[in-house]
Structure formats: C-alpha cells, structure tokens
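Dumped model-v4.txt below, it's compact mmCIF, C-alpha atoms:
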```txt
# COMPACT_ATOMS: atom_id res chain seq x y z
CA MET X 1203 -9.45 -14.93 8.11
CA ALA X 1204 -9.42 -17.27 11.09
CA GLN X 1205 -6.54 -19.71 11.39
CA ILE X 1206 -4.78 -19.24 8.04
CA ALA X 1207 -1.48 -18.24 9.58
CA LEU X 1208 0.36 -17.47 6.33
CA LEU X 1209 -2.39 -15.06 5.28
CA ASP X 1210 -2.53 -13.41 8.71
CA ASN X 1211 1.24 -12.99 8.61
CA LEU X 1212 1.12 -11.38 5.15
CA ILE X 1213 -1.62 -8.96 6.29
CA GLU X 1214 0.39 -8.13 9.42
CA GLN X 1215 3.55 -7.39 7.42
CA LEU X 1216 1.61 -5.20 4.97
CA GLU X 1217 0.03 -3.30 7.88
CA ARG X 1218 3.47 -2.20 9.03
CA LEU X 1219 3.79 -0.04 5.90
CA PRO X 1220 2.96 3.64 6.38
CA SER X 1221 -0.66 4.66 5.65
CA ILE X 1222 -1.73 1.02 5.18
CA GLY X 1223 -4.44 0.08 7.70
CA HIS X 1224 -5.92 -3.34 8.38
CA LYS X 1225 -8.59 -3.14 5.65
CA THR X 1226 -6.15 -2.02 2.96
CA ALA X 1227 -3.63 -4.64 4.08
CA SER X 1228 -6.31 -7.36 3.74
CA ARG X 1229 -7.25 -6.11 0.31
CA LEU X 1230 -3.62 -6.06 -0.83
CA ALA X 1231 -3.02 -9.54 0.62
CA PHE X 1232 -6.01 -11.04 -1.22
CA HIS X 1233 -4.88 -9.25 -4.37
CA LEU X 1234 -1.39 -10.73 -4.05
CA LEU X 1235 -2.83 -14.22 -3.57
CA ARG X 1236 -5.00 -13.84 -6.66
CA ALA X 1237 -2.39 -12.07 -8.80
CA PRO X 1238 -1.17 -13.69 -12.01
CA ASP X 1239 1.83 -16.01 -11.70
CA GLY X 1240 5.03 -14.14 -11.06
CA GLN X 1241 3.58 -10.74 -10.11
CA ALA X 1242 3.66 -11.23 -6.35
CA GLU X 1243 7.04 -12.93 -6.58
CA ALA X 1244 8.35 -10.00 -8.67
CA LEU X 1245 7.34 -7.64 -5.86
CA ALA X 1246 9.07 -9.82 -3.26
CA ASP X 1247 12.20 -9.94 -5.42
CA ALA X 1248 12.11 -6.18 -5.99
CA ILE X 1249 12.03 -5.62 -2.21
CA VAL X 1250 14.92 -7.99 -1.53
CA ASN X 1251 17.00 -6.69 -4.44
CA ALA X 1252 16.45 -3.05 -3.56
CA ARG X 1253 17.39 -3.71 0.06
CA SER X 1254 20.55 -5.58 -0.84
CA GLY X 1255 21.57 -3.58 -3.92
CA ILE X 1256 20.95 0.03 -2.85
CA HIS X 1257 23.24 1.72 -0.34
CA GLU X 1258 24.52 5.20 0.36
CA CYS X 1259 26.76 7.05 -2.10
CA ASP X 1260 30.32 7.20 -0.70
CA VAL X 1261 30.41 10.95 -1.30
CA CYS X 1262 26.99 12.52 -0.78
CA CYS X 1263 25.04 9.77 1.09
CA ASN X 1264 22.32 9.80 -1.58
CA LEU X 1265 20.98 6.40 -2.66
CA ALA X 1266 23.29 4.56 -5.04
CA GLU X 1267 23.65 1.18 -6.67
CA GLY X 1268 27.44 1.41 -7.02
CA THR X 1269 29.89 3.36 -4.86
CA LEU X 1270 28.72 6.69 -6.32
CA CYS X 1271 25.17 7.93 -6.91
CA PRO X 1272 24.07 8.96 -10.44
CA ILE X 1273 24.60 12.64 -9.58
CA CYS X 1274 28.08 12.35 -8.08
CA SER X 1275 29.19 10.21 -11.01
CA ALA X 1276 27.69 12.52 -13.67
CA ASN X 1277 30.23 14.74 -15.45
CA ASN X 1278 27.93 17.65 -16.28
CA ARG X 1279 27.26 18.95 -12.73
CA ASP X 1280 28.52 22.14 -11.10
CA ARG X 1281 30.98 20.73 -8.54
CA HIS X 1282 31.24 23.94 -6.48
CA THR X 1283 27.73 23.96 -5.00
CA ILE X 1284 26.22 21.52 -2.51
CA CYS X 1285 22.51 21.42 -1.71
CA VAL X 1286 21.97 19.86 1.74
CA VAL X 1287 18.69 17.93 2.02
CA GLU X 1288 17.09 15.67 4.63
CA GLN X 1289 16.12 12.64 2.54
CA PRO X 1290 16.90 11.02 -0.82
CA GLN X 1291 13.38 11.84 -2.04
CA ASP X 1292 14.22 15.56 -1.63
CA VAL X 1293 16.96 15.05 -4.23
CA SER X 1294 14.27 13.77 -6.63
CA ALA X 1295 12.15 16.85 -5.88
CA PHE X 1296 15.00 19.22 -6.79
CA GLU X 1297 15.92 17.21 -9.86
CA ARG X 1298 12.36 17.54 -11.11
CA THR X 1299 12.77 21.35 -11.16
CA ARG X 1300 15.58 20.98 -13.80
CA GLU X 1301 16.89 24.21 -12.30
CA TYR X 1302 19.64 23.00 -10.01
CA HIS X 1303 22.83 21.60 -11.51
CA GLY X 1304 25.08 21.34 -8.47
CA LEU X 1305 25.76 18.44 -6.10
CA TYR X 1306 23.75 17.25 -3.10
CA HIS X 1307 24.38 16.05 0.40
CA VAL X 1308 21.75 13.85 2.03
CA LEU X 1309 21.61 14.06 5.84
CA HIS X 1310 19.20 11.12 6.29
CA GLY X 1311 17.30 12.94 8.99
CA VAL X 1312 17.36 16.10 11.11
CA ILE X 1313 18.65 16.83 14.58
CA SER X 1314 15.72 16.09 16.89
CA PRO X 1315 16.56 15.67 20.60
CA MET X 1316 12.93 14.68 21.27
CA ASP X 1317 13.41 11.62 19.05
CA GLY X 1318 16.93 10.96 20.35
CA VAL X 1319 18.57 12.08 17.10
CA GLY X 1320 21.75 14.08 17.71
CA PRO X 1321 24.24 15.56 15.20
CA ASP X 1322 26.18 12.28 15.09
CA GLN X 1323 23.15 10.25 14.02
CA ILE X 1324 22.84 12.12 10.71
CA ARG X 1325 25.44 12.57 7.94
CA ILE X 1326 26.95 15.91 9.08
CA ARG X 1327 30.51 14.64 9.49
CA PRO X 1328 30.84 13.45 5.85
CA LEU X 1329 29.57 16.90 4.76
CA LEU X 1330 32.35 18.65 6.72
CA THR X 1331 34.91 16.28 5.20
CA ARG X 1332 33.66 17.14 1.71
CA ILE X 1333 33.83 20.86 2.34
CA ALA X 1334 37.35 20.54 3.73
CA ASN X 1335 38.56 18.52 0.74
CA GLU X 1336 36.50 19.64 -2.26
CA ASP X 1337 36.47 23.04 -3.94
CA ILE X 1338 33.04 24.19 -2.69
CA THR X 1339 31.94 27.81 -2.94
CA GLU X 1340 28.32 27.60 -1.78
CA VAL X 1341 26.25 25.38 0.47
CA ILE X 1342 22.45 25.68 0.11
CA MET X 1343 20.64 24.54 3.24
CA ALA X 1344 17.48 22.86 1.92
CA THR X 1345 16.17 21.12 5.04
CA ASN X 1346 12.41 21.26 5.57
CA PRO X 1347 10.85 24.48 6.95
CA THR X 1348 10.04 22.75 10.27
CA VAL X 1349 11.43 23.47 13.73
CA GLU X 1350 13.89 20.57 13.43
CA GLY X 1351 14.79 21.42 9.84
CA GLU X 1352 15.52 25.03 10.83
CA ALA X 1353 17.57 24.02 13.85
CA THR X 1354 19.60 21.57 11.77
CA ALA X 1355 20.25 24.23 9.12
CA MET X 1356 21.39 26.70 11.81
CA TYR X 1357 23.60 24.09 13.47
CA ILE X 1358 25.32 23.15 10.21
CA SER X 1359 25.75 26.78 9.12
CA LYS X 1360 27.63 27.44 12.38
CA LEU X 1361 29.91 24.47 11.76
CA LEU X 1362 30.59 25.84 8.27
CA ALA X 1363 31.52 29.36 9.46
CA PRO X 1364 35.29 28.60 9.73
CA PHE X 1365 35.41 27.59 6.06
CA HIS X 1366 34.39 31.10 4.88
CA ILE X 1367 32.11 29.86 2.12
CA ARG X 1368 28.68 31.13 1.14
CA VAL X 1369 25.92 29.38 3.12
CA THR X 1370 22.39 30.09 1.91
CA ARG X 1371 18.88 28.98 2.87
CA LEU X 1372 15.88 28.35 0.59
CA ALA X 1373 13.53 31.35 0.33
CA TYR X 1374 10.38 31.39 2.43
CA GLY X 1375 7.17 32.74 1.01
CA ILE X 1376 3.73 31.97 -0.30
CA PRO X 1377 3.59 28.83 -2.44
CA VAL X 1378 2.88 29.40 -6.14
CA GLY X 1379 -0.80 28.78 -6.81
CA GLY X 1380 -1.58 29.19 -3.12
CA ASP X 1381 -4.23 31.46 -1.67
CA LEU X 1382 -3.23 34.43 0.53
CA GLU X 1383 -6.39 33.97 2.56
CA TYR X 1384 -5.20 30.59 3.78
CA ALA X 1385 -1.50 31.43 4.26
CA ASP X 1386 -0.44 31.29 7.93
CA GLU X 1387 0.87 34.53 9.46
CA ILE X 1388 4.48 33.36 9.78
CA THR X 1389 4.68 32.43 6.11
CA LEU X 1390 3.05 35.73 5.15
CA ARG X 1391 5.43 37.71 7.38
CA ARG X 1392 8.41 35.88 5.85
CA SER X 1393 7.14 36.55 2.34
CA LEU X 1394 6.84 40.27 3.21
CA GLU X 1395 10.37 40.34 4.63
CA GLY X 1396 11.76 38.59 1.57
CA ARG X 1397 9.85 40.73 -0.98
CA GLY X 1398 11.69 41.64 -4.20
CA GLU X 1399 11.47 44.42 -6.81
CA LEU X 1400 8.98 43.93 -9.62
CA MET B 694 14.87 8.97 -8.75
CA ALA B 695 16.79 9.06 -11.99
CA GLN B 696 18.93 6.07 -12.89
CA ILE B 697 18.62 3.95 -9.74
CA ALA B 698 17.14 0.96 -11.51
CA LEU B 699 16.53 -1.16 -8.40
CA LEU B 700 14.53 1.63 -6.80
CA ASP B 701 12.57 2.32 -9.98
CA ASN B 702 11.78 -1.37 -10.24
CA LEU B 703 10.57 -1.52 -6.63
CA ILE B 704 8.33 1.52 -7.19
CA GLU B 705 6.98 -0.02 -10.40
CA GLN B 706 6.13 -3.31 -8.67
CA LEU B 707 4.41 -1.50 -5.78
CA GLU B 708 2.41 0.57 -8.27
CA ARG B 709 0.84 -2.61 -9.65
CA LEU B 710 -1.00 -3.10 -6.34
CA PRO B 711 -4.61 -1.89 -6.29
CA SER B 712 -5.18 1.68 -5.07
CA ILE B 713 -1.42 2.37 -4.93
CA GLY B 714 -0.48 5.26 -7.22
CA HIS B 715 2.98 6.52 -8.13
CA LYS B 716 3.33 8.85 -5.14
CA THR B 717 2.27 6.23 -2.61
CA ALA B 718 4.49 3.64 -4.29
CA SER B 719 7.49 6.00 -3.98
CA ARG B 720 6.72 6.65 -0.33
CA LEU B 721 6.42 2.93 0.41
CA ALA B 722 9.64 2.20 -1.49
CA PHE B 723 11.62 4.81 0.47
CA HIS B 724 10.07 3.47 3.67
CA LEU B 725 11.15 -0.07 2.82
CA LEU B 726 14.70 1.10 2.07
CA ARG B 727 14.88 2.92 5.41
CA ALA B 728 13.06 0.23 7.45
CA PRO B 729 14.88 -1.50 10.31
CA ASP B 730 16.85 -4.61 9.40
CA GLY B 731 14.61 -7.55 8.66
CA GLN B 732 11.30 -5.71 8.25
CA ALA B 733 11.36 -5.39 4.47
CA GLU B 734 12.74 -8.91 4.15
CA ALA B 735 9.92 -10.18 6.41
CA LEU B 736 7.39 -8.65 4.01
CA ALA B 737 9.09 -10.24 1.00
CA ASP B 738 9.14 -13.62 2.80
CA ALA B 739 5.49 -13.25 3.80
CA ILE B 740 4.54 -12.69 0.16
CA VAL B 741 6.51 -15.67 -1.10
CA ASN B 742 5.34 -17.96 1.71
CA ALA B 743 1.69 -16.97 1.33
CA ARG B 744 1.87 -17.56 -2.42
CA SER B 745 3.51 -20.96 -2.08
CA GLY B 746 1.74 -22.15 1.10
CA ILE B 747 -1.87 -21.09 0.53
CA HIS B 748 -4.07 -22.92 -1.95
CA GLU B 749 -7.72 -23.82 -2.35
CA CYS B 750 -9.51 -26.12 0.08
CA ASP B 751 -10.19 -29.46 -1.62
CA VAL B 752 -13.85 -29.29 -0.57
CA CYS B 753 -15.08 -25.69 -0.57
CA CYS B 754 -12.38 -23.82 -2.56
CA ASN B 755 -11.82 -21.42 0.36
CA LEU B 756 -8.20 -20.52 1.14
CA ALA B 757 -6.36 -23.25 3.02
CA GLU B 758 -2.88 -24.11 4.19
CA GLY B 759 -3.46 -27.87 4.19
CA THR B 760 -5.88 -29.86 2.05
CA LEU B 761 -8.88 -28.56 4.03
CA CYS B 762 -9.68 -25.00 5.10
CA PRO B 763 -10.20 -24.22 8.83
CA ILE B 764 -13.98 -24.28 8.36
CA CYS B 765 -14.23 -27.59 6.50
CA SER B 766 -11.89 -29.20 9.04
CA ALA B 767 -13.73 -27.80 12.11
CA ASN B 768 -15.98 -30.30 13.87
CA ASN B 769 -18.53 -27.83 15.27
CA ARG B 770 -20.15 -26.68 12.02
CA ASP B 771 -23.61 -27.42 10.66
CA ARG B 772 -22.77 -29.72 7.73
CA HIS B 773 -26.18 -29.45 6.06
CA THR B 774 -26.02 -25.82 4.94
CA ILE B 775 -23.72 -24.28 2.32
CA CYS B 776 -23.32 -20.53 1.88
CA VAL B 777 -22.10 -19.76 -1.66
CA VAL B 778 -19.87 -16.66 -1.86
CA GLU B 779 -17.78 -15.02 -4.56
CA GLN B 780 -14.45 -14.56 -2.78
CA PRO B 781 -12.56 -15.87 0.28
CA GLN B 782 -12.86 -12.44 1.93
CA ASP B 783 -16.66 -12.88 1.89
CA VAL B 784 -16.16 -15.91 4.15
CA SER B 785 -14.34 -13.63 6.64
CA ALA B 786 -17.23 -11.16 6.46
CA PHE B 787 -19.78 -13.86 7.37
CA GLU B 788 -17.55 -15.30 10.09
CA ARG B 789 -17.37 -11.87 11.72
CA THR B 790 -21.16 -11.91 12.18
CA ARG B 791 -20.79 -15.03 14.46
CA GLU B 792 -24.29 -15.84 13.23
CA TYR B 793 -23.65 -18.44 10.55
CA HIS B 794 -22.42 -21.88 11.54
CA GLY B 795 -22.74 -23.81 8.29
CA LEU B 796 -20.22 -24.49 5.54
CA TYR B 797 -19.18 -22.29 2.61
CA HIS B 798 -18.45 -22.64 -1.03
CA VAL B 799 -16.17 -20.06 -2.66
CA LEU B 800 -16.79 -19.50 -6.39
CA HIS B 801 -13.67 -17.35 -6.95
CA GLY B 802 -15.57 -14.99 -9.23
CA VAL B 803 -18.92 -14.55 -10.93
CA ILE B 804 -20.17 -15.35 -14.38
CA SER B 805 -19.41 -12.30 -16.48
CA PRO B 806 -19.47 -12.77 -20.25
CA MET B 807 -18.20 -9.18 -20.70
CA ASP B 808 -14.96 -10.19 -18.95
CA GLY B 809 -14.85 -13.58 -20.64
CA VAL B 810 -15.76 -15.47 -17.46
CA GLY B 811 -18.13 -18.35 -18.12
CA PRO B 812 -19.59 -20.95 -15.70
CA ASP B 813 -16.52 -23.18 -16.18
CA GLN B 814 -14.08 -20.49 -15.06
CA ILE B 815 -15.54 -20.37 -11.55
CA ARG B 816 -15.96 -23.21 -9.02
CA ILE B 817 -19.53 -24.25 -9.89
CA ARG B 818 -18.70 -27.85 -10.80
CA PRO B 819 -17.16 -28.68 -7.36
CA LEU B 820 -20.30 -27.21 -5.76
CA LEU B 821 -22.53 -29.60 -7.75
CA THR B 822 -20.29 -32.53 -6.78
CA ARG B 823 -20.64 -31.58 -3.10
CA ILE B 824 -24.41 -31.35 -3.31
CA ALA B 825 -24.61 -34.71 -5.07
CA ASN B 826 -22.41 -36.41 -2.45
CA GLU B 827 -22.95 -34.59 0.85
CA ASP B 828 -26.15 -34.42 2.91
CA ILE B 829 -27.04 -30.79 2.16
CA THR B 830 -30.49 -29.40 2.95
CA GLU B 831 -30.04 -25.69 2.14
CA VAL B 832 -27.85 -23.59 -0.17
CA ILE B 833 -27.72 -19.87 0.60
CA MET B 834 -26.75 -17.82 -2.46
CA ALA B 835 -24.61 -15.00 -1.06
CA THR B 836 -23.09 -13.54 -4.21
CA ASN B 837 -22.87 -9.74 -4.34
CA PRO B 838 -26.05 -7.76 -5.17
CA THR B 839 -24.64 -6.77 -8.58
CA VAL B 840 -25.87 -7.69 -12.05
CA GLU B 841 -23.21 -10.43 -12.33
CA GLY B 842 -23.78 -11.64 -8.76
CA GLU B 843 -27.54 -11.90 -9.39
CA ALA B 844 -27.08 -13.69 -12.69
CA THR B 845 -24.65 -16.16 -11.13
CA ALA B 846 -27.06 -16.85 -8.24
CA MET B 847 -29.90 -17.45 -10.73
CA TYR B 848 -27.73 -19.69 -12.91
CA ILE B 849 -26.64 -21.85 -9.96
CA SER B 850 -30.15 -22.06 -8.50
CA LYS B 851 -31.37 -23.48 -11.82
CA LEU B 852 -28.59 -26.09 -11.79
CA LEU B 853 -29.64 -27.02 -8.23
CA ALA B 854 -33.33 -27.50 -9.08
CA PRO B 855 -33.01 -31.27 -9.80
CA PHE B 856 -31.61 -31.86 -6.29
CA HIS B 857 -34.84 -30.67 -4.61
CA ILE B 858 -33.08 -28.82 -1.81
CA ARG B 859 -33.89 -25.42 -0.37
CA VAL B 860 -32.07 -22.62 -2.26
CA THR B 861 -32.26 -19.18 -0.63
CA ARG B 862 -30.91 -15.71 -1.37
CA LEU B 863 -29.70 -13.04 1.09
CA ALA B 864 -32.38 -10.46 1.94
CA TYR B 865 -32.28 -7.10 0.16
CA GLY B 866 -33.11 -3.93 2.03
CA ILE B 867 -31.82 -0.74 3.55
CA PRO B 868 -28.46 -1.16 5.32
CA VAL B 869 -28.57 -0.79 9.11
CA GLY B 870 -27.48 2.73 10.07
CA GLY B 871 -28.18 3.93 6.55
CA ASP B 872 -30.25 6.95 5.59
CA LEU B 873 -33.52 6.47 3.65
CA GLU B 874 -32.93 9.77 1.90
CA TYR B 875 -29.84 8.38 0.20
CA ALA B 876 -31.14 4.87 -0.52
CA ASP B 877 -31.49 4.20 -4.25
CA GLU B 878 -34.97 3.39 -5.54
CA ILE B 879 -34.25 -0.27 -6.34
CA THR B 880 -32.99 -0.96 -2.82
CA LEU B 881 -35.98 0.88 -1.37
CA ARG B 882 -38.41 -1.04 -3.58
CA ARG B 883 -36.78 -4.33 -2.54
CA SER B 884 -36.97 -3.37 1.13
CA LEU B 885 -40.70 -2.64 0.72
CA GLU B 886 -41.27 -5.97 -1.04
CA GLY B 887 -39.43 -7.82 1.70
CA ARG B 888 -41.08 -6.02 4.61
CA GLY B 889 -41.86 -8.09 7.72
CA GLU B 890 -44.30 -7.90 10.65
CA LEU B 891 -43.25 -5.76 13.62
```
Please express the file's structure as structure tokens.
Amino acid sequence: MAQIALLDNLIEQLERLPSIGHKTASRLAFHLLRAPDGQAEALADAIVNARSGIHECDVCCNLAEGTLCPICSANNRDRHTICVVEQPQDVSAFERTREYHGLYHVLHGVISPMDGVGPDQIRIRPLLTRIANEDITEVIMATNPTVEGEATAMYISKLLAPFHIRVTRLAYGIPVGGDLEYADEITLRRSLEGRGEL
Amino acid sequence: MAQIALLDNLIEQLERLPSIGHKTASRLAFHLLRAPDGQAEALADAIVNARSGIHECDVCCNLAEGTLCPICSANNRDRHTICVVEQPQDVSAFERTREYHGLYHVLHGVISPMDGVGPDQIRIRPLLTRIANEDITEVIMATNPTVEGEATAMYISKLLAPFHIRVTRLAYGIPVGGDLEYADEITLRRSLEGRGEL
C-alpha cells in the first residue's frame, strides 16, 4: 500500500522470515492489523520474551530457559552417552522417537569453510570439555548426512580419538516407507554395505 | 521442544497466523531465536507500531496513519467517483492498475448473515454520509464476485437509489491469460452476456 510507512515496515520485517515472500507477508500483515485485540500484541510479546528468556544450556548448548536445559536437568537420563547434533530442533526430532535416553550436545552449525564457519565458530570446545570431565562412554555423531555434516563428524571423531571412547555414526540406508526406485545410488550402496541378518 | 515454555508459546502464537501450520511455526520460531541481534525485535516492534499507529481513514475507512489515508489526502484524485471495496488490500490491487484515479470506500467486510455480519457491522453508513455530503457522480461497486459480495453490492445499490447517481459494477468475464476450457459455466455465460464489439 502506497505511503503507509508502518504497514510497509511490517510487511518488510515479515518478508525477512524464511519462506515468506512478499504476497504472504502482505497477507500476514493485513491479518495482524485485523486480528482481535491482543492477538498481534501476544505474538510481539512472545518474540521478545523468547529472545530475551531463551539462551544456551551451560552444559550441552541446547536451548534453555534457566542455566540447564530440560534434558540436562532431568534425573532419568543415561549420563554416559552424548548424541551430537547440529541444531536444537534435531534434539526435538530424537526426543520424538522416545528411543534415546542419553544426553545431547548441540553444535549450532557445522564446519563449512565456504560459509566462513570454522571449528571455533561452533560448540566443539564445550563438547571436548564435557568429555574430559564427565564419565562418557559413547558419543553418537548425529550431524546431517550432508558433505558438511560428514566432515564435521569426521573432524570431531578425530579430536575424540585420544579419549579412547566409543564414537559412532547414525546408520545410513533407505528411509522407512521410501521407494527403492527413487533411492539415489549412494544411499542404496550404503544400505547394501550396512545390511544386517534377518 | 519439551518443557521450554517460552519457545512453545512463540510457536503457538505463530501458529495462529493464517496458512502457518505447526511445522512452519517451529521453523520460524527457531529462525527468530537464531536471527542476528535486532531482527526479531524489529519484527516485534513493527507489529506493535503497526497495531497502534494504523487506524481507519476518517473519510473512506481505508488504512491510514493520520486522520486521512494517502488517497483521501492526495490532491490529484478525481473526487467525483468512489470505488467501494471490501478490504484495504483491494485498494492496493486497484492502485497497481494505475488506471483508476478516483476515491475509495472500504467496507471492511461484506454482509454475511451466516457469519453474523449485518449491514451495521460494515462501513455502509459512512458511505451514505459521504454521498449525501460530497459531490459524487458515480459509485463503482467492486466487492468480490462471491455470493456475499454480490448481495452486498445489491444491498448498497438499493440504498443509493434515492441519490440518483450512477452506480456501476465491475465487469464479469474470462480472466486475461485464462483458459476457456477451465472457465466455469457461470463466468462463461457472464462473459457472453457482456460481450462487446471488436
């Protein structure tokens, strides 16, 4: 809309969100203007409160409201296993499986020289400190199966070699419910290599 | 993510936006948490400022920052024609055509008994006041071509009858670039009825 600066500004800020284009941003802006009293303000408050109230867990770098995240402060977790993931949302993904009961370590990224991200820009150092000080028997590398994820997993596993603990990697293979016809050859080759007894 | 109340709240607030489901809301929330300093806060400010700083134009009920909207306060518009639309975003749509130079009137809805919206819930009364007091020669009914939009246009045109001014309706027909094969029969019938000389 021409010349309504506050509206243009709102649309512009909404457009900066991922996967929100100009049309969607306009639609959301008009929705927010029309929304019942308090709804838009509740969203604004939620953003500000989340930004100011959520920080990284002192131990595992997961998201936390206090000094420790819900998982590090729980007393029913296996404290000898650490699952190393890229992002906090990967923790949620593992928690949804209800299969893993150990601890996590969130790297907040992967080593990616192309994007100027080196080992010191992600949370590798706190991981080494934990392994030196805690009684850890296994580290599961659960970075994404991408070039950067692989490289980061390899890099960390080399740093962990002196500690003589078990370092494992998630299994590769065909996704459950997937279709062999559409599986790429690398995935298929890996699933052959990793085949198990029936 | 289990037990991080501030994050859950942010996701919940984002989910209330139209066309934003749980997955998208989570992705946006994690993006906002990771965003560079100031970006998320700028969005929150934009929401609050837009809500508090934008209200309805005293004349045409379009969105405005001051008492008058940019169109009512412009001095290069044809002040004898009013285009009646449902929503402020319809004004933007007409302005993009660069074809219409008259004024607007924004109803902020349509008459829809099913949704409990009667003539008094939309801005029909201010429209009548304008027509009684301003020197208007034509009113273009540009409500949407839906059952409610049609009914609202008919209702208003009846109210305008005593003023003896020209009341017109947008032309119906096949959309430019459309495909006859996929045009519904009502649209096609209307485009036949409204056919013009070549």
Between CA of Thr760 (chain B) and CA of Ala735 (chain B), what is the distance in Å, rounded to a tenth? 25.6 Å
Just need the residues of chain B within 9 Å of chain X, counting all atoms listed in the file, so spit them out as an NGL selection string. :B and (694-700 or 702-707 or 709-712 or 717 or 719-727 or 732-744 or 746-748 or 756-758 or 762-764 or 781-782 or 784-786 or 788)
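With CA of Val1308 (chain X) on one side and CA of Arg1327 (chain X) on the other, the separation reads 11.5 Å.
Candidate residues B:Ala876, B:Val752, B:Val777, B:Cys765 were compared for distance to Ala846 (chain B), and the nearest is B:Val777, using all atoms listed in the file.
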Let me know the centre plus edge lengths, in Å and rounded to one decimal, of a box with edges along x, y and z that contains all listed atoms of region 1285-1297 of chain X and is padded by 4 Å on every side, as JSON.
```
{"center_x": 17.3, "center_y": 16.2, "center_z": -2.6, "size_x": 18.4, "size_y": 18.4, "size_z": 22.5}
```
Find the spatial neighbours of Leu1329 (chain X), counting all atoms listed in the file, within a cut-off of 12 Å - ignore same-chain residues fewer than 5 positions away - and output them as a list in words. Asp1260, Val1261, Cys1262, Cys1263, Asn1264, Ile1284, Cys1285, Val1286, Val1287, Leu1305, Tyr1306, His1307, Val1308, Leu1309, His1310, Pro1321, Asp1322, Ile1324, Ala1334, Asn1335, Glu1336, Ile1338, Val1341, Met1343, Ile1358, Ser1359, Leu1361 and Leu1362 of chain X
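The coordinates place CA of His773 (chain B) at 21.4 Å from CA of Tyr848 (chain B).
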With 12 Å as the threshold, what does the neighbourhood of (-36.3, -13.8, 4.6) contain in terms of residues, counting all atoms listed in the file? Coordinates are those of the file; answer as number ranges by chain. B: 833, 860-866, 883-884, 886-890
Which of these residues is nearest to Leu821 (chain B), using only C-alpha atoms: B:Thr774, B:Ala844, B:Phe856, B:Ala835? B:Phe856
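The smallest atom-to-atom distance between Ser1275 (chain X) and any of X:Thr1345, X:Cys1259, X:Met1356, X:Tyr1384, using all atoms listed in the file, is found for X:Cys1259.
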